[in-house]
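What follows is entry_29.cif (mmCIF, C-alpha atoms).
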data_start
loop_
_atom_site.group_PDB
_atom_site.id
_atom_site.type_symbol
_atom_site.label_atom_id
_atom_site.label_comp_id
_atom_site.auth_asym_id
_atom_site.auth_seq_id
_atom_site.Cartn_x
_atom_site.Cartn_y
_atom_site.Cartn_z
ATOM 1 C CA MET A 25 47.161 -67.180 -226.174
ATOM 2 C CA PHE A 26 44.125 -69.464 -226.108
ATOM 3 C CA ALA A 27 42.076 -69.992 -229.196
ATOM 4 C CA LEU A 28 38.336 -69.486 -228.736
ATOM 5 C CA GLY A 29 37.709 -73.238 -228.984
ATOM 6 C CA SER A 30 40.260 -73.978 -226.279
ATOM 7 C CA LEU A 31 38.786 -71.361 -223.973
ATOM 8 C CA GLN A 32 35.315 -72.792 -224.464
ATOM 9 C CA ALA A 33 36.634 -76.276 -223.687
ATOM 10 C CA VAL A 34 38.189 -75.029 -220.444
ATOM 11 C CA VAL A 35 34.986 -73.229 -219.409
ATOM 12 C CA THR A 36 32.909 -76.318 -220.228
ATOM 13 C CA LEU A 37 35.267 -78.484 -218.177
ATOM 14 C CA LEU A 38 35.102 -76.135 -215.188
ATOM 15 C CA LEU A 39 31.313 -75.879 -215.311
ATOM 16 C CA SER A 40 30.904 -79.640 -215.570
ATOM 17 C CA LEU A 41 33.294 -80.173 -212.640
ATOM 18 C CA LEU A 42 31.347 -77.683 -210.507
ATOM 19 C CA ALA A 43 28.068 -79.361 -211.455
ATOM 20 C CA PHE A 44 29.518 -82.775 -210.619
ATOM 21 C CA ALA A 45 30.678 -81.492 -207.214
ATOM 22 C CA ALA A 46 27.147 -80.203 -206.510
ATOM 23 C CA GLU A 47 25.663 -83.569 -207.508
ATOM 24 C CA VAL A 48 28.026 -85.493 -205.233
ATOM 25 C CA PHE A 49 27.331 -83.071 -202.378
ATOM 26 C CA ALA A 50 23.576 -83.491 -202.847
ATOM 27 C CA LEU A 51 23.867 -87.296 -202.810
ATOM 28 C CA VAL A 52 26.038 -87.370 -199.683
ATOM 29 C CA ASP A 53 23.759 -84.869 -197.949
ATOM 30 C CA GLY A 54 20.674 -86.879 -198.890
ATOM 31 C CA LEU A 55 22.163 -90.035 -197.408
ATOM 32 C CA ARG A 56 22.670 -88.326 -194.035
ATOM 33 C CA TYR A 57 18.962 -88.136 -193.178
ATOM 34 C CA ARG A 58 16.801 -90.962 -191.880
ATOM 35 C CA PRO A 59 13.876 -92.091 -194.058
ATOM 36 C CA GLU A 60 11.353 -90.801 -191.500
ATOM 37 C CA VAL A 61 12.636 -87.247 -191.913
ATOM 38 C CA TYR A 62 11.729 -87.254 -195.612
ATOM 39 C CA LEU A 63 8.171 -88.253 -194.800
ATOM 40 C CA ALA A 64 7.891 -85.753 -191.944
ATOM 41 C CA ALA A 65 9.050 -82.987 -194.296
ATOM 42 C CA GLY A 66 6.359 -83.944 -196.804
ATOM 43 C CA LYS A 67 8.842 -84.895 -199.512
ATOM 44 C CA ARG A 68 9.311 -88.037 -201.586
ATOM 45 C CA THR A 69 10.975 -91.015 -199.906
ATOM 46 C CA LYS A 70 14.658 -91.335 -199.140
ATOM 47 C CA LYS A 71 14.862 -94.231 -201.588
ATOM 48 C CA PHE A 72 13.442 -92.043 -204.387
ATOM 49 C CA TRP A 73 15.924 -89.229 -203.772
ATOM 50 C CA THR A 74 18.846 -91.628 -203.360
ATOM 51 C CA ILE A 75 18.074 -93.158 -206.755
ATOM 52 C CA VAL A 76 17.559 -89.775 -208.449
ATOM 53 C CA LEU A 77 20.742 -88.311 -206.992
ATOM 54 C CA GLY A 78 22.738 -91.486 -207.640
ATOM 55 C CA VAL A 79 21.734 -91.413 -211.295
ATOM 56 C CA ALA A 80 22.565 -87.691 -211.376
ATOM 57 C CA VAL A 81 26.069 -88.400 -210.059
ATOM 58 C CA VAL A 82 26.646 -91.099 -212.687
ATOM 59 C CA LEU A 83 25.348 -88.887 -215.506
ATOM 60 C CA GLY A 84 27.341 -85.946 -214.203
ATOM 61 C CA PHE A 85 30.513 -88.025 -214.144
ATOM 62 C CA VAL A 86 29.945 -89.244 -217.691
ATOM 63 C CA SER A 87 29.365 -85.713 -218.953
ATOM 64 C CA ILE A 88 32.490 -84.107 -217.451
ATOM 65 C CA GLY A 89 34.148 -82.043 -220.145
ATOM 66 C CA GLY A 90 31.815 -83.302 -222.835
ATOM 67 C CA GLY A 91 30.084 -81.176 -225.374
ATOM 68 C CA GLY A 92 26.842 -81.355 -227.290
ATOM 69 C CA ARG A 93 24.391 -83.982 -226.111
ATOM 70 C CA ILE A 94 26.578 -85.145 -223.269
ATOM 71 C CA PHE A 95 26.547 -81.613 -221.871
ATOM 72 C CA SER A 96 22.735 -81.683 -222.046
ATOM 73 C CA ILE A 97 22.690 -84.906 -220.037
ATOM 74 C CA GLY A 98 24.940 -83.259 -217.459
ATOM 75 C CA LEU A 99 22.589 -80.311 -217.321
ATOM 76 C CA ILE A 100 19.640 -82.600 -216.581
ATOM 77 C CA ALA A 101 21.670 -84.261 -213.818
ATOM 78 C CA PHE A 102 22.521 -80.864 -212.355
ATOM 79 C CA VAL A 103 18.865 -79.812 -212.384
ATOM 80 C CA ALA A 104 17.961 -82.911 -210.344
ATOM 81 C CA ALA A 105 20.637 -82.043 -207.768
ATOM 82 C CA ALA A 106 19.581 -78.385 -207.767
ATOM 83 C CA ILE A 107 15.965 -79.332 -207.032
ATOM 84 C CA TYR A 108 17.136 -81.407 -204.077
ATOM 85 C CA LEU A 109 19.403 -78.632 -202.796
ATOM 86 C CA ALA A 110 16.856 -75.833 -203.237
ATOM 87 C CA ASP A 111 13.660 -77.594 -202.126
ATOM 88 C CA VAL A 112 14.211 -80.875 -200.315
ATOM 89 C CA ARG A 113 17.340 -80.096 -198.304
ATOM 90 C CA PRO A 114 15.898 -76.994 -196.573
ATOM 91 C CA ALA A 115 12.771 -78.951 -195.644
ATOM 92 C CA LEU A 116 14.848 -81.793 -194.212
ATOM 93 C CA ARG A 117 17.068 -79.408 -192.291
ATOM 94 C CA SER A 118 14.031 -77.685 -190.775
ATOM 95 C CA MET A 119 12.832 -81.043 -189.467
ATOM 96 C CA VAL A 120 16.052 -81.829 -187.600
ATOM 97 C CA GLY A 121 17.358 -78.324 -186.850
ATOM 98 C CA ARG A 122 20.657 -76.935 -188.074
ATOM 99 C CA GLY A 123 22.733 -78.773 -185.512
ATOM 100 C CA GLY A 124 20.846 -81.999 -185.940
ATOM 101 C CA SER A 125 19.503 -81.857 -182.382
ATOM 102 C CA GLY A 126 15.959 -80.795 -183.213
ATOM 103 C CA ASN A 127 15.625 -78.515 -180.161
ATOM 104 C CA GLN A 128 16.553 -75.215 -181.744
ATOM 105 C CA HIS A 129 14.497 -72.128 -180.850
ATOM 106 C CA MET A 130 12.581 -70.848 -183.845
ATOM 107 C CA GLY A 131 10.945 -67.457 -184.057
ATOM 108 C CA PRO A 132 8.733 -66.010 -186.779
ATOM 109 C CA TYR A 133 11.802 -64.835 -188.736
ATOM 110 C CA GLY A 134 14.143 -67.757 -188.077
ATOM 111 C CA PRO A 135 16.261 -69.153 -185.244
ATOM 112 C CA TRP A 136 17.120 -67.172 -182.121
#

Would you kindly transcribe this structure into structure tokens?
Amino acid sequence: MFALGSLQAVVTLLLSLLAFAAEVFALVDGLRYRPEVYLAAGKRTKKFWTIVLGVAVVLGFVSIGGGGRIFSIGLIAFVAAAIYLADVRPALRSMVGRGGSGNQHMGPYGPW
């Protein structure tokens, strides 16, 4: 049977691994788009988001399984990735269409 401390360590490890996976996904996704798409979507530049997400990946890697302050650093890194995934990524995707072709039919409630 796990002691409470061991269970907390396992949960912290799993959460930090999930956060790290989200940060890596955000970085790889951000690298897929051309710089012009960022400007057309009205977001910061590709260089800005590449730097922010790259730093988030490094901080997320360092904080895997850590506790205390290191966990706080990992949380900050996750917030940066979450902002990209929740705000920037949908705007970029709307500029190029879901399939990347840009010729998708859009109605008032979404694609058709």

Hits of the PyMOL selection byres ((chain A and resi 39) around 12) in this structure, as a PyMOL selection string: chain A and resi 32-38+40-46+84+87-91+95+98-99+102

Hey, can you spit out that residue selection with C-alpha atoms as a tab-separated table (two decimals), in the frame of the given file?
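Dumped everything to again25.tsv:
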chain	number	residue	atom	x	y	z
A	32	GLN	CA	35.32	-72.79	-224.46
A	33	ALA	CA	36.63	-76.28	-223.69
A	34	VAL	CA	38.19	-75.03	-220.44
A	35	VAL	CA	34.99	-73.23	-219.41
A	36	THR	CA	32.91	-76.32	-220.23
A	37	LEU	CA	35.27	-78.48	-218.18
A	38	LEU	CA	35.10	-76.14	-215.19
A	40	SER	CA	30.90	-79.64	-215.57
A	41	LEU	CA	33.29	-80.17	-212.64
A	42	LEU	CA	31.35	-77.68	-210.51
A	43	ALA	CA	28.07	-79.36	-211.46
A	44	PHE	CA	29.52	-82.78	-210.62
A	45	ALA	CA	30.68	-81.49	-207.21
A	46	ALA	CA	27.15	-80.20	-206.51
A	84	GLY	CA	27.34	-85.95	-214.20
A	87	SER	CA	29.36	-85.71	-218.95
A	88	ILE	CA	32.49	-84.11	-217.45
A	89	GLY	CA	34.15	-82.04	-220.14
A	90	GLY	CA	31.82	-83.30	-222.84
A	91	GLY	CA	30.08	-81.18	-225.37
A	95	PHE	CA	26.55	-81.61	-221.87
A	98	GLY	CA	24.94	-83.26	-217.46
A	99	LEU	CA	22.59	-80.31	-217.32
A	102	PHE	CA	22.52	-80.86	-212.36

Atom pair atom CA of Val61 of chain A / atom CA of Pro114 of chain A: separation (Å): 11.7 Å

On this file, the PyMOL selection byres ((chain A and resi 107-113) around 9) gives some set of residues; write that set as a short mmCIF file (atom, residue, chain, number, x, y, z; two decimals) with C-alpha atoms, in the frame of the given file.
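Printed below is expr_10.cif as written:
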data_model
loop_
_atom_site.label_atom_id
_atom_site.label_comp_id
_atom_site.auth_asym_id
_atom_site.auth_seq_id
_atom_site.Cartn_x
_atom_site.Cartn_y
_atom_site.Cartn_z
CA ALA A 46 27.15 -80.20 -206.51
CA ALA A 50 23.58 -83.49 -202.85
CA ASP A 53 23.76 -84.87 -197.95
CA GLY A 54 20.67 -86.88 -198.89
CA TYR A 62 11.73 -87.25 -195.61
CA ALA A 65 9.05 -82.99 -194.30
CA LYS A 67 8.84 -84.90 -199.51
CA ARG A 68 9.31 -88.04 -201.59
CA TRP A 73 15.92 -89.23 -203.77
CA LEU A 77 20.74 -88.31 -206.99
CA PHE A 102 22.52 -80.86 -212.36
CA VAL A 103 18.86 -79.81 -212.38
CA ALA A 104 17.96 -82.91 -210.34
CA ALA A 105 20.64 -82.04 -207.77
CA ALA A 106 19.58 -78.39 -207.77
CA PRO A 114 15.90 -76.99 -196.57
CA ALA A 115 12.77 -78.95 -195.64
CA LEU A 116 14.85 -81.79 -194.21
CA ARG A 117 17.07 -79.41 -192.29
CA SER A 118 14.03 -77.68 -190.78
#

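With all atoms listed in the file as the basis for measurement, A:Gly78 is the residue among A:Met119, A:Leu63, A:Leu83, A:Gly78 that approaches Phe49 of chain A most closely.
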
Shortest interatomic distance to Val82 of chain A - which of A:Val52, A:Ala101, A:Ala64, A:Val120, counting all atoms listed in the file: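 Once distances to Val82 of chain A are computed over all atoms listed in the file, the minimum belongs to A:Ala101.
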
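Taking atom CA of Val81 of chain A and atom CA of Glu47 of chain A as the two end points, the separation is 5.5 Å.
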
One-decimal distance in Å that lies between atom CA of Ala80 of chain A and atom CA of Leu31 of chain A: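 That distance, rounded to one decimal, is 26.2 Å.
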